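**Student:** Below you'll find structure.pdb; it's PDB, C-alpha atoms.
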MODEL        1
ATOM      1  CA  MET Y   1      25.742  15.852   6.157
ATOM      2  CA  ILE Y   2      22.692  13.790   7.005
ATOM      3  CA  PRO Y   3      23.095  11.541  10.065
ATOM      4  CA  ILE Y   4      22.074   7.897   9.622
ATOM      5  CA  SER Y   5      19.337   8.324  12.224
ATOM      6  CA  TRP Y   6      17.226  10.255   9.698
ATOM      7  CA  TYR Y   7      17.228   7.362   7.264
ATOM      8  CA  LEU Y   8      16.483   4.871  10.031
ATOM      9  CA  THR Y   9      13.585   6.985  11.295
ATOM     10  CA  LEU Y  10      12.183   7.366   7.764
ATOM     11  CA  SER Y  11      12.428   3.620   7.300
ATOM     12  CA  ALA Y  12      10.792   2.876  10.677
ATOM     13  CA  ALA Y  13       7.925   5.250   9.853
ATOM     14  CA  LEU Y  14       7.438   3.719   6.388
ATOM     15  CA  PHE Y  15       7.443   0.231   7.932
ATOM     16  CA  SER Y  16       4.842   1.227  10.541
ATOM     17  CA  ILE Y  17       2.578   2.763   7.898
ATOM     18  CA  GLY Y  18       2.828  -0.404   5.832
ATOM     19  CA  LEU Y  19       2.091  -2.513   8.902
ATOM     20  CA  PHE Y  20      -0.983  -0.397   9.612
ATOM     21  CA  GLY Y  21      -2.174  -0.988   6.057
ATOM     22  CA  VAL Y  22      -1.630  -4.744   6.305
ATOM     23  CA  LEU Y  23      -3.446  -4.973   9.636
ATOM     24  CA  THR Y  24      -6.462  -2.831   8.821
ATOM     25  CA  ARG Y  25      -7.333  -2.897   5.102
ATOM     26  CA  ARG Y  26     -10.131  -5.227   4.051
ATOM     27  CA  ASN Y  27      -9.286  -5.437   0.377
ATOM     28  CA  ALA Y  28      -6.699  -8.144  -0.332
ATOM     29  CA  ILE Y  29      -4.955  -5.984  -2.968
ATOM     30  CA  ALA Y  30      -4.620  -3.146  -0.450
ATOM     31  CA  ILE Y  31      -2.985  -5.596   1.972
ATOM     32  CA  LEU Y  32      -0.410  -6.386  -0.724
ATOM     33  CA  LEU Y  33       0.175  -2.621  -1.176
ATOM     34  CA  GLY Y  34       1.015  -2.442   2.545
ATOM     35  CA  ILE Y  35       3.487  -5.310   2.184
ATOM     36  CA  GLU Y  36       5.213  -3.392  -0.630
ATOM     37  CA  LEU Y  37       5.619  -0.385   1.682
ATOM     38  CA  MET Y  38       7.204  -2.601   4.352
ATOM     39  CA  LEU Y  39       9.637  -4.150   1.842
ATOM     40  CA  ASN Y  40      10.643  -0.674   0.690
ATOM     41  CA  ALA Y  41      11.318   0.383   4.268
ATOM     42  CA  VAL Y  42      13.670  -2.573   4.649
ATOM     43  CA  ASN Y  43      15.463  -1.616   1.437
ATOM     44  CA  VAL Y  44      16.016   1.961   2.622
ATOM     45  CA  ASN Y  45      17.649   0.529   5.751
ATOM     46  CA  LEU Y  46      19.908  -1.775   3.722
ATOM     47  CA  ALA Y  47      21.051   1.034   1.422
ATOM     48  CA  ALA Y  48      21.658   3.379   4.377
ATOM     49  CA  PHE Y  49      23.764   0.809   6.236
ATOM     50  CA  TRP Y  50      25.783   0.165   3.078
ATOM     51  CA  ARG Y  51      26.516   3.885   2.638
ATOM     52  CA  TYR Y  52      27.294   4.607   6.295
ATOM     53  CA  GLY Y  53      29.343   1.486   6.895
ATOM     54  CA  ASP Y  54      32.274   0.361   4.779
ATOM     55  CA  VAL Y  55      31.449   1.330   1.192
ATOM     56  CA  ASN Y  56      33.714  -1.427  -0.117
ATOM     57  CA  GLN Y  57      31.433  -4.037   1.408
ATOM     58  CA  ILE Y  58      28.814  -4.056  -1.334
ATOM     59  CA  THR Y  59      26.643  -6.576   0.552
ATOM     60  CA  GLY Y  60      23.941  -4.053   1.495
ATOM     61  CA  GLN Y  61      23.170  -3.321  -2.136
ATOM     62  CA  ILE Y  62      23.263  -7.011  -3.114
ATOM     63  CA  PHE Y  63      20.802  -7.771  -0.338
ATOM     64  CA  ALA Y  64      18.539  -4.966  -1.562
ATOM     65  CA  ILE Y  65      18.601  -6.397  -5.100
ATOM     66  CA  ILE Y  66      17.623  -9.842  -3.777
ATOM     67  CA  VAL Y  67      14.760  -8.160  -1.891
ATOM     68  CA  PHE Y  68      13.635  -6.582  -5.190
ATOM     69  CA  ALA Y  69      13.526 -10.011  -6.823
ATOM     70  CA  VAL Y  70      11.620 -11.562  -3.916
ATOM     71  CA  ALA Y  71       9.168  -8.640  -3.909
ATOM     72  CA  ALA Y  72       8.496  -9.083  -7.621
ATOM     73  CA  ALA Y  73       7.887 -12.819  -7.137
ATOM     74  CA  GLU Y  74       5.640 -12.182  -4.135
ATOM     75  CA  VAL Y  75       3.512  -9.629  -5.995
ATOM     76  CA  ALA Y  76       3.139 -11.837  -9.074
ATOM     77  CA  VAL Y  77       1.949 -14.850  -7.073
ATOM     78  CA  GLY Y  78      -0.127 -12.770  -4.641
ATOM     79  CA  LEU Y  79      -2.029 -10.909  -7.339
ATOM     80  CA  ALA Y  80      -2.560 -14.126  -9.317
ATOM     81  CA  LEU Y  81      -4.094 -15.670  -6.178
ATOM     82  CA  VAL Y  82      -6.326 -12.630  -5.632
ATOM     83  CA  ILE Y  83      -7.536 -12.705  -9.245
ATOM     84  CA  SER Y  84      -8.130 -16.436  -9.086
ATOM     85  CA  VAL Y  85     -10.138 -16.103  -5.863
ATOM     86  CA  TYR Y  86     -12.078 -13.214  -7.402
ATOM     87  CA  ARG Y  87     -13.043 -15.375 -10.375
ATOM     88  CA  LYS Y  88     -14.238 -18.226  -8.163
ATOM     89  CA  LYS Y  89     -15.891 -16.392  -5.258
ATOM     90  CA  ASN Y  90     -16.462 -12.933  -6.764
ATOM     91  CA  THR Y  91     -14.884 -11.093  -3.853
ATOM     92  CA  VAL Y  92     -11.544  -9.532  -2.948
ATOM     93  CA  ILE Y  93     -12.476  -8.752   0.668
ATOM     94  CA  ALA Y  94     -10.076 -10.690   2.872
ATOM     95  CA  GLU Y  95     -12.690 -11.462   5.548
ATOM     96  CA  GLU Y  96     -15.019 -13.100   3.051
ATOM     97  CA  ILE Y  97     -12.364 -15.549   1.865
ATOM     98  CA  ASP Y  98     -12.996 -17.906   4.789
ATOM     99  CA  LEU Y  99     -13.161 -21.334   3.206
ATOM    100  CA  MET Y 100     -10.301 -22.605   5.386
ATOM    101  CA  LYS Y 101     -11.566 -20.966   8.575
ATOM    102  CA  TRP Y 102     -13.390 -23.162  11.088
TER     103      TRP Y 102
ATOM    104  CA  MET X   1      20.753  23.002   8.110
ATOM    105  CA  THR X   2      22.537  22.279   4.877
ATOM    106  CA  ILE X   3      20.973  22.028   1.442
ATOM    107  CA  SER X   4      21.194  18.219   1.391
ATOM    108  CA  GLN X   5      19.343  18.008   4.703
ATOM    109  CA  ILE X   6      16.544  20.211   3.359
ATOM    110  CA  ILE X   7      16.276  18.050   0.228
ATOM    111  CA  PHE X   8      16.154  14.912   2.377
ATOM    112  CA  LEU X   9      13.420  16.335   4.622
ATOM    113  CA  VAL X  10      11.283  17.363   1.640
ATOM    114  CA  VAL X  11      11.663  13.945   0.007
ATOM    115  CA  ALA X  12      10.996  12.096   3.268
ATOM    116  CA  GLY X  13       7.878  14.173   3.966
ATOM    117  CA  PHE X  14       6.597  13.520   0.433
ATOM    118  CA  THR X  15       7.280   9.778   0.767
ATOM    119  CA  LEU X  16       5.576   9.438   4.137
ATOM    120  CA  ALA X  17       2.569  11.537   3.080
ATOM    121  CA  SER X  18       2.067   9.380  -0.021
ATOM    122  CA  ALA X  19       2.503   6.222   2.055
ATOM    123  CA  LEU X  20      -0.205   7.418   4.439
ATOM    124  CA  MET X  21      -2.505   8.041   1.480
ATOM    125  CA  VAL X  22      -1.783   4.497   0.212
ATOM    126  CA  VAL X  23      -3.151   2.954   3.392
ATOM    127  CA  THR X  24      -6.051   5.356   3.985
ATOM    128  CA  THR X  25      -7.563   6.321   0.639
ATOM    129  CA  ARG X  26     -10.847   4.687  -0.380
ATOM    130  CA  ASN X  27     -10.322   4.328  -4.091
ATOM    131  CA  LEU X  28      -7.812   1.562  -4.771
ATOM    132  CA  ILE X  29      -6.688   3.031  -8.092
ATOM    133  CA  HIS X  30      -5.681   6.153  -6.181
ATOM    134  CA  ALA X  31      -3.938   3.980  -3.586
ATOM    135  CA  ALA X  32      -1.916   2.307  -6.360
ATOM    136  CA  LEU X  33      -0.998   5.703  -7.845
ATOM    137  CA  PHE X  34       0.058   6.956  -4.415
ATOM    138  CA  LEU X  35       2.179   3.819  -4.141
ATOM    139  CA  VAL X  36       3.925   4.967  -7.332
ATOM    140  CA  ALA X  37       4.602   8.341  -5.643
ATOM    141  CA  THR X  38       5.957   6.604  -2.535
ATOM    142  CA  LEU X  39       8.223   4.352  -4.601
ATOM    143  CA  PHE X  40       9.498   7.376  -6.486
ATOM    144  CA  GLY X  41      10.296   9.109  -3.197
ATOM    145  CA  VAL X  42      12.220   6.031  -2.054
ATOM    146  CA  ALA X  43      14.102   6.080  -5.382
ATOM    147  CA  VAL X  44      15.149   9.674  -4.654
ATOM    148  CA  VAL X  45      16.317   8.561  -1.187
ATOM    149  CA  TYR X  46      18.516   5.941  -2.904
ATOM    150  CA  ALA X  47      19.895   8.665  -5.138
ATOM    151  CA  ILE X  48      20.708  10.808  -2.073
ATOM    152  CA  LEU X  49      22.486   7.750  -0.634
ATOM    153  CA  GLN X  50      24.575   7.577  -3.852
ATOM    154  CA  ALA X  51      23.128   4.145  -4.654
ATOM    155  CA  GLY X  52      22.385   5.045  -8.263
ATOM    156  CA  PHE X  53      21.799   1.497  -9.457
ATOM    157  CA  LEU X  54      19.186   0.881  -6.764
ATOM    158  CA  ALA X  55      17.432   4.136  -7.720
ATOM    159  CA  VAL X  56      17.209   3.091 -11.374
ATOM    160  CA  VAL X  57      16.113  -0.451 -10.497
ATOM    161  CA  GLN X  58      13.486   1.003  -8.177
ATOM    162  CA  VAL X  59      12.027   3.099 -10.987
ATOM    163  CA  VAL X  60      12.224   0.382 -13.647
ATOM    164  CA  ILE X  61      11.105  -2.647 -11.623
ATOM    165  CA  TYR X  62       8.932  -1.233  -8.862
ATOM    166  CA  ILE X  63       7.226   1.604 -10.720
ATOM    167  CA  GLY X  64       7.470   0.103 -14.198
ATOM    168  CA  ALA X  65       6.406  -3.425 -13.366
ATOM    169  CA  ILE X  66       5.064  -3.977  -9.870
ATOM    170  CA  ALA X  67       2.911  -0.833  -9.626
ATOM    171  CA  ILE X  68       1.493  -1.475 -13.111
ATOM    172  CA  LEU X  69       0.700  -5.053 -12.056
ATOM    173  CA  PHE X  70      -1.192  -3.642  -9.061
ATOM    174  CA  ILE X  71      -3.176  -1.301 -11.288
ATOM    175  CA  PHE X  72      -4.047  -4.209 -13.594
ATOM    176  CA  ALA X  73      -5.180  -6.300 -10.632
ATOM    177  CA  VAL X  74      -7.319  -3.455  -9.284
ATOM    178  CA  MET X  75      -8.960  -3.018 -12.676
ATOM    179  CA  LEU X  76      -9.616  -6.749 -13.080
ATOM    180  CA  THR X  77     -11.423  -6.788  -9.715
ATOM    181  CA  ARG X  78     -12.982  -3.393 -10.084
ATOM    182  CA  ARG X  79     -16.601  -4.081  -9.206
ATOM    183  CA  ASP X  80     -15.813  -4.977  -5.643
ATOM    184  CA  MET X  81     -13.611  -2.129  -4.675
ATOM    185  CA  ARG X  82     -15.999   0.804  -4.826
ATOM    186  CA  ASP X  83     -17.999   1.951  -1.837
ATOM    187  CA  ARG X  84     -18.929  -1.454  -0.535
ATOM    188  CA  GLY X  85     -18.852  -0.968   3.187
ATOM    189  CA  PRO X  86     -15.896   0.431   5.082
ATOM    190  CA  GLN X  87     -12.399   0.076   3.691
ATOM    191  CA  MET X  88     -10.950  -0.724   7.116
ATOM    192  CA  ASN X  89     -11.849  -3.688   9.285
ATOM    193  CA  ARG X  90     -13.055  -3.451  12.870
ATOM    194  CA  MET X  91      -9.526  -3.561  14.259
ATOM    195  CA  GLN X  92      -8.437  -0.240  12.761
ATOM    196  CA  TRP X  93      -7.787   1.580  16.039
ATOM    197  CA  ILE X  94      -5.937  -1.405  17.498
ATOM    198  CA  GLY X  95      -3.974  -1.634  14.242
ATOM    199  CA  ALA X  96      -3.083   2.064  14.384
ATOM    200  CA  LEU X  97      -2.043   1.744  18.020
ATOM    201  CA  LEU X  98       0.085  -1.305  17.247
ATOM    202  CA  ALA X  99       1.796   0.426  14.319
ATOM    203  CA  LEU X 100       2.465   3.505  16.463
ATOM    204  CA  LEU X 101       3.844   1.366  19.287
ATOM    205  CA  ILE X 102       6.161  -0.444  16.890
ATOM    206  CA  PHE X 103       7.386   2.877  15.503
ATOM    207  CA  ILE X 104       8.039   4.237  19.009
ATOM    208  CA  GLY X 105       9.723   0.993  20.026
ATOM    209  CA  LEU X 106      11.965   0.995  16.953
ATOM    210  CA  SER X 107      12.898   4.649  17.472
ATOM    211  CA  PHE X 108      13.688   4.000  21.138
ATOM    212  CA  LEU X 109      15.773   0.951  20.276
ATOM    213  CA  LEU X 110      17.673   2.835  17.570
ATOM    214  CA  SER X 111      18.339   5.897  19.721
ATOM    215  CA  SER X 112      20.117   3.710  22.278
ATOM    216  CA  TRP X 113      22.532   2.492  19.568
ATOM    217  CA  ASP X 114      26.098   3.976  19.544
ATOM    218  CA  GLY X 115      26.276   4.801  15.846
ATOM    219  CA  TYR X 116      22.901   6.522  15.836
ATOM    220  CA  SER X 117      24.138   9.962  14.772
ATOM    221  CA  ALA X 118      27.030   8.745  12.596
ATOM    222  CA  VAL X 119      27.605  10.622   9.353
ATOM    223  CA  ALA X 120      28.783   8.991   6.141
ATOM    224  CA  GLN X 121      32.434   8.811   5.149
ATOM    225  CA  GLU X 122      33.285  10.639   1.970
ATOM    226  CA  MET X 123      32.818   8.310  -1.006
ATOM    227  CA  PRO X 124      36.210   7.551  -2.676
ATOM    228  CA  ALA X 125      36.308   9.543  -5.897
ATOM    229  CA  ASP X 126      37.178   6.558  -8.113
ATOM    230  CA  PHE X 127      34.759   4.144  -6.467
ATOM    231  CA  ASP X 128      33.008   2.136  -9.194
ATOM    232  CA  THR X 129      29.732   1.069  -7.570
ATOM    233  CA  MET X 130      28.281  -0.542 -10.691
ATOM    234  CA  GLY X 131      31.420  -2.502 -11.455
ATOM    235  CA  ARG X 132      31.744  -3.741  -7.888
ATOM    236  CA  LEU X 133      28.093  -4.705  -7.819
ATOM    237  CA  GLY X 134      28.306  -6.619 -11.083
ATOM    238  CA  GLU X 135      31.446  -8.457 -10.035
ATOM    239  CA  ALA X 136      29.965  -9.367  -6.656
ATOM    240  CA  LEU X 137      26.806 -10.738  -8.287
ATOM    241  CA  VAL X 138      28.594 -13.153 -10.638
ATOM    242  CA  SER X 139      31.710 -13.973  -8.637
ATOM    243  CA  PRO X 140      31.718 -17.492  -7.132
ATOM    244  CA  ASP X 141      33.521 -16.053  -4.087
ATOM    245  CA  ALA X 142      30.705 -13.605  -3.462
ATOM    246  CA  TYR X 143      27.034 -13.822  -4.285
ATOM    247  CA  LEU X 144      26.715 -16.070  -7.328
ATOM    248  CA  LEU X 145      24.564 -18.625  -5.510
ATOM    249  CA  PRO X 146      21.941 -16.182  -4.121
ATOM    250  CA  PHE X 147      21.816 -14.563  -7.579
ATOM    251  CA  GLU X 148      21.063 -17.883  -9.295
ATOM    252  CA  VAL X 149      18.591 -18.884  -6.591
ATOM    253  CA  ALA X 150      16.809 -15.547  -7.108
ATOM    254  CA  SER X 151      16.487 -16.222 -10.839
ATOM    255  CA  VAL X 152      15.095 -19.706 -10.196
ATOM    256  CA  LEU X 153      12.676 -18.181  -7.666
ATOM    257  CA  LEU X 154      11.485 -15.634 -10.253
ATOM    258  CA  LEU X 155      10.969 -18.355 -12.854
ATOM    259  CA  ALA X 156       9.035 -20.508 -10.377
ATOM    260  CA  ALA X 157       6.936 -17.520  -9.295
ATOM    261  CA  LEU X 158       6.052 -16.623 -12.889
ATOM    262  CA  VAL X 159       5.110 -20.206 -13.789
ATOM    263  CA  GLY X 160       3.084 -20.422 -10.575
ATOM    264  CA  ALA X 161       1.339 -17.106 -11.237
ATOM    265  CA  VAL X 162       0.360 -18.157 -14.752
ATOM    266  CA  TYR X 163      -0.890 -21.520 -13.467
ATOM    267  CA  VAL X 164      -2.935 -19.993 -10.624
ATOM    268  CA  ALA X 165      -4.541 -17.257 -12.709
ATOM    269  CA  TYR X 166      -5.197 -19.490 -15.738
ATOM    270  CA  THR X 167      -8.836 -20.194 -16.550
ATOM    271  CA  ARG X 168      -9.634 -23.720 -17.581
ATOM    272  CA  ARG X 169     -12.383 -23.953 -20.150
TER     273      ARG X 169
ENDMDL
END
Any chance you could put this one into structure tokens?
**Tutor:**
Amino acid sequence: MIPISWYLTLSAALFSIGLFGVLTRRNAIAILLGIELMLNAVNVNLAAFWRYGDVNQITGQIFAIIVFAVAAAEVAVGLALVISVYRKKNTVIAEEIDLMKW
Amino acid sequence: MTISQIIFLVVAGFTLASALMVVTTRNLIHAALFLVATLFGVAVVYAILQAGFLAVVQVVIYIGAIAILFIFAVMLTRRDMRDRGPQMNRMQWIGALLALLIFIGLSFLLSSWDGYSAVAQEMPADFDTMGRLGEALVSPDAYLLPFEVASVLLLAALVGAVYVAYTRR
């Protein structure tokens, strides 16, 4: 059998890779890709804790489904914002979107 | 080393390699396609965890909707993404160091936990995951309220997305 530590390590690694993407990419869409990786890492953790805890407590899976819904909402609004900014300022580079920076 | 452990290691290696390509590759279309590979690997991890519903939802919603939305967004902003300067900002080494430190910190924290090497109990043979999940989602004693709030959130997000991306002429 697979010990839970393997899943937790996989999830921690996936989260760190996503964090690296969010911190370093310049393209706003690539930053959103990193956020997706981080959300997936969280979901792996939730599913693993459901399976390795009490299976009758279905909460882990419910929580994962809510995370799916929030991720879908986040991507829809985030990409709409990126496209809207691209139309107005003709750029998707996060550093160049500095209207509110002083 | 049992067969399930080998399968898990192969899937985990595939997932992490694709995830690394997502954050490092230059071409954003390729990054989005590698995201599809990563999401598929995570779906297989759900299947190994016997969370079949999550695996199917992962394929249908993440790969079928979210990844396609990413590809659309990349194509709508295509001119900017190619070869215009570096893909990483100036903080890339600090970012890599920070990510590595967080990974080491998380691993250290987890390894000091009692249940770290716990193995799963055998799943009861007549356990109806789908039925339990469906009942929990619509039962007022369980998670009806978060379920309804999630649907309102999705509606609000879709209306907001249409409003933000709409061009006024």
**Student:** Closest to Asn40 of chain Y among Y:Ser84, Y:Ser5, Y:Ser16, Y:Gln57, using only C-alpha atoms?
**Tutor:**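 For Asn40 of chain Y, the nearest of the candidates is Y:Ser16.
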**Student:** Around (22.6, -6.5, -5.3) in the file's own coordinates, what residues are found within 10 Å if you use only C-alpha atoms, given back as an mmCIF file with C-alpha atoms, in the coordinates of the input?
**Tutor:**
data_model
loop_
_atom_site.group_PDB
_atom_site.id
_atom_site.type_symbol
_atom_site.label_atom_id
_atom_site.label_comp_id
_atom_site.auth_asym_id
_atom_site.auth_seq_id
_atom_site.Cartn_x
_atom_site.Cartn_y
_atom_site.Cartn_z
ATOM 1 C CA ILE Y 58 28.814 -4.056 -1.334
ATOM 2 C CA THR Y 59 26.643 -6.576 0.552
ATOM 3 C CA GLY Y 60 23.941 -4.053 1.495
ATOM 4 C CA GLN Y 61 23.170 -3.321 -2.136
ATOM 5 C CA ILE Y 62 23.263 -7.011 -3.114
ATOM 6 C CA PHE Y 63 20.802 -7.771 -0.338
ATOM 7 C CA ALA Y 64 18.539 -4.966 -1.562
ATOM 8 C CA ILE Y 65 18.601 -6.397 -5.100
ATOM 9 C CA ILE Y 66 17.623 -9.842 -3.777
ATOM 10 C CA VAL Y 67 14.760 -8.160 -1.891
ATOM 11 C CA PHE Y 68 13.635 -6.582 -5.190
ATOM 12 C CA ALA Y 69 13.526 -10.011 -6.823
ATOM 13 C CA PHE X 53 21.799 1.497 -9.457
ATOM 14 C CA LEU X 54 19.186 0.881 -6.764
ATOM 15 C CA MET X 130 28.281 -0.542 -10.691
ATOM 16 C CA ARG X 132 31.744 -3.741 -7.888
ATOM 17 C CA LEU X 133 28.093 -4.705 -7.819
ATOM 18 C CA GLY X 134 28.306 -6.619 -11.083
ATOM 19 C CA ALA X 136 29.965 -9.367 -6.656
ATOM 20 C CA LEU X 137 26.806 -10.738 -8.287
ATOM 21 C CA TYR X 143 27.034 -13.822 -4.285
ATOM 22 C CA PRO X 146 21.941 -16.182 -4.121
ATOM 23 C CA PHE X 147 21.816 -14.563 -7.579
#
**Student:** Select all residues from chain X having any atom no more than 6 Å from an atom of chain Y (counting only C-alpha atoms, ignoring ligands), output as a list in words.
**Tutor:**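 Per the criterion, chain X yields Gln5, Val23, Gln87, Met88, Asn89, Gln92, Gly95, Ala96, Ala99, Phe103, Tyr116, Ser117, Ala118, Val119, Ala120, Leu154, Ala157, Ala161 and Ala165 of chain X.
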**Student:** One decimal, Å: what's the distance from atom CA of Ile68 of chain X over to atom CA of Val36 of chain X, could you say?
**Tutor:**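 Between atom CA of Ile68 of chain X and atom CA of Val36 of chain X the gap works out to 9.0 Å.
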**Student:** Can you work out the spacing between atom CA of Ala47 of chain X and atom CA of Ile7 of chain X in Å, to one decimal?
**Tutor:**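 Distance reported for this atom pair: 11.4 Å.
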**Student:** Go ahead and compute the interatomic distance for atom CA of Ile29 of chain X and atom CA of Ala73 of chain X, in Å to one decimal.
**Tutor:**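 It comes out at 9.8 Å.
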**Student:** Using 4 Å of padding on each side, determine the axis-aligned box around all atoms of segment 64-69 of chain X present in the file and give its centre and edge lengths in Å to one decimal, as AutoDock Vina command-line options.
**Tutor:**
--center_x 4.1 --center_y -2.5 --center_z -11.9 --size_x 14.8 --size_y 13.2 --size_z 12.6
**Student:** I'd like the contact shell of Phe40 of chain X - 10 Å cut-off, all atoms listed in the file, skipping same-chain residues fewer than 4 positions apart - returned as a PDB file with C-alpha atoms, in the frame of the given file.
**Tutor:**
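Final output, result.pdb:
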ATOM      1  CA  VAL X  11      11.663  13.945   0.007  1.00  0.00           C
ATOM      2  CA  PHE X  14       6.597  13.520   0.433  1.00  0.00           C
ATOM      3  CA  THR X  15       7.280   9.778   0.767  1.00  0.00           C
ATOM      4  CA  PHE X  34       0.058   6.956  -4.415  1.00  0.00           C
ATOM      5  CA  LEU X  35       2.179   3.819  -4.141  1.00  0.00           C
ATOM      6  CA  VAL X  36       3.925   4.967  -7.332  1.00  0.00           C
ATOM      7  CA  VAL X  44      15.149   9.674  -4.654  1.00  0.00           C
ATOM      8  CA  VAL X  45      16.317   8.561  -1.187  1.00  0.00           C
ATOM      9  CA  TYR X  46      18.516   5.941  -2.904  1.00  0.00           C
ATOM     10  CA  ALA X  55      17.432   4.136  -7.720  1.00  0.00           C
ATOM     11  CA  GLN X  58      13.486   1.003  -8.177  1.00  0.00           C
ATOM     12  CA  VAL X  59      12.027   3.099 -10.987  1.00  0.00           C
ATOM     13  CA  TYR X  62       8.932  -1.233  -8.862  1.00  0.00           C
ATOM     14  CA  ILE X  63       7.226   1.604 -10.720  1.00  0.00           C
TER      15      ILE X  63
END
**Student:** Which of these residues is nearest to Ala67 of chain X, using all atoms listed in the file: X:Ala37, X:Ala125, X:Val42, X:Ala19?
**Tutor:**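 Nearest candidate to Ala67 of chain X out of X:Ala37, X:Ala125, X:Val42, X:Ala19: X:Ala37.
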**Student:** Take segment 142-153 of chain X, bring it up to N, CA, C and O atoms, and give me the output as a PDB file, in the coordinates of the input.
**Tutor:**
ATOM      1  N   ALA X 142      31.614 -14.553  -4.108  1.00  0.00           N
ATOM      2  CA  ALA X 142      30.705 -13.605  -3.462  1.00  0.00           C
ATOM      3  C   ALA X 142      29.270 -14.113  -3.503  1.00  0.00           C
ATOM      4  O   ALA X 142      28.925 -15.028  -2.776  1.00  0.00           O
ATOM      5  N   TYR X 143      28.472 -13.584  -4.376  1.00  0.00           N
ATOM      6  CA  TYR X 143      27.034 -13.822  -4.285  1.00  0.00           C
ATOM      7  C   TYR X 143      26.469 -14.495  -5.510  1.00  0.00           C
ATOM      8  O   TYR X 143      25.336 -14.236  -5.884  1.00  0.00           O
ATOM      9  N   LEU X 144      27.233 -15.380  -6.148  1.00  0.00           N
ATOM     10  CA  LEU X 144      26.715 -16.070  -7.328  1.00  0.00           C
ATOM     11  C   LEU X 144      25.522 -16.944  -6.968  1.00  0.00           C
ATOM     12  O   LEU X 144      24.504 -16.947  -7.656  1.00  0.00           O
ATOM     13  N   LEU X 145      25.623 -17.673  -5.855  1.00  0.00           N
ATOM     14  CA  LEU X 145      24.564 -18.625  -5.510  1.00  0.00           C
ATOM     15  C   LEU X 145      23.231 -17.927  -5.197  1.00  0.00           C
ATOM     16  O   LEU X 145      22.200 -18.308  -5.775  1.00  0.00           O
ATOM     17  N   PRO X 146      23.217 -16.885  -4.337  1.00  0.00           N
ATOM     18  CA  PRO X 146      21.941 -16.182  -4.121  1.00  0.00           C
ATOM     19  C   PRO X 146      21.377 -15.607  -5.411  1.00  0.00           C
ATOM     20  O   PRO X 146      20.149 -15.623  -5.624  1.00  0.00           O
ATOM     21  N   PHE X 147      22.259 -15.136  -6.311  1.00  0.00           N
ATOM     22  CA  PHE X 147      21.816 -14.563  -7.579  1.00  0.00           C
ATOM     23  C   PHE X 147      21.095 -15.620  -8.408  1.00  0.00           C
ATOM     24  O   PHE X 147      19.989 -15.388  -8.924  1.00  0.00           O
ATOM     25  N   GLU X 148      21.692 -16.812  -8.510  1.00  0.00           N
ATOM     26  CA  GLU X 148      21.063 -17.883  -9.295  1.00  0.00           C
ATOM     27  C   GLU X 148      19.775 -18.356  -8.635  1.00  0.00           C
ATOM     28  O   GLU X 148      18.778 -18.629  -9.304  1.00  0.00           O
ATOM     29  N   VAL X 149      19.806 -18.457  -7.297  1.00  0.00           N
ATOM     30  CA  VAL X 149      18.591 -18.884  -6.591  1.00  0.00           C
ATOM     31  C   VAL X 149      17.469 -17.879  -6.824  1.00  0.00           C
ATOM     32  O   VAL X 149      16.308 -18.254  -7.029  1.00  0.00           O
ATOM     33  N   ALA X 150      17.825 -16.568  -6.859  1.00  0.00           N
ATOM     34  CA  ALA X 150      16.809 -15.547  -7.108  1.00  0.00           C
ATOM     35  C   ALA X 150      16.217 -15.718  -8.499  1.00  0.00           C
ATOM     36  O   ALA X 150      15.005 -15.572  -8.684  1.00  0.00           O
ATOM     37  N   SER X 151      17.052 -16.060  -9.493  1.00  0.00           N
ATOM     38  CA  SER X 151      16.487 -16.222 -10.839  1.00  0.00           C
ATOM     39  C   SER X 151      15.585 -17.440 -10.904  1.00  0.00           C
ATOM     40  O   SER X 151      14.533 -17.403 -11.550  1.00  0.00           O
ATOM     41  N   VAL X 152      15.968 -18.526 -10.213  1.00  0.00           N
ATOM     42  CA  VAL X 152      15.095 -19.706 -10.196  1.00  0.00           C
ATOM     43  C   VAL X 152      13.780 -19.368  -9.490  1.00  0.00           C
ATOM     44  O   VAL X 152      12.692 -19.761  -9.936  1.00  0.00           O
ATOM     45  N   LEU X 153      13.884 -18.581  -8.397  1.00  0.00           N
ATOM     46  CA  LEU X 153      12.676 -18.181  -7.666  1.00  0.00           C
ATOM     47  C   LEU X 153      11.742 -17.384  -8.569  1.00  0.00           C
ATOM     48  O   LEU X 153      10.530 -17.614  -8.583  1.00  0.00           O
TER      49      LEU X 153
END
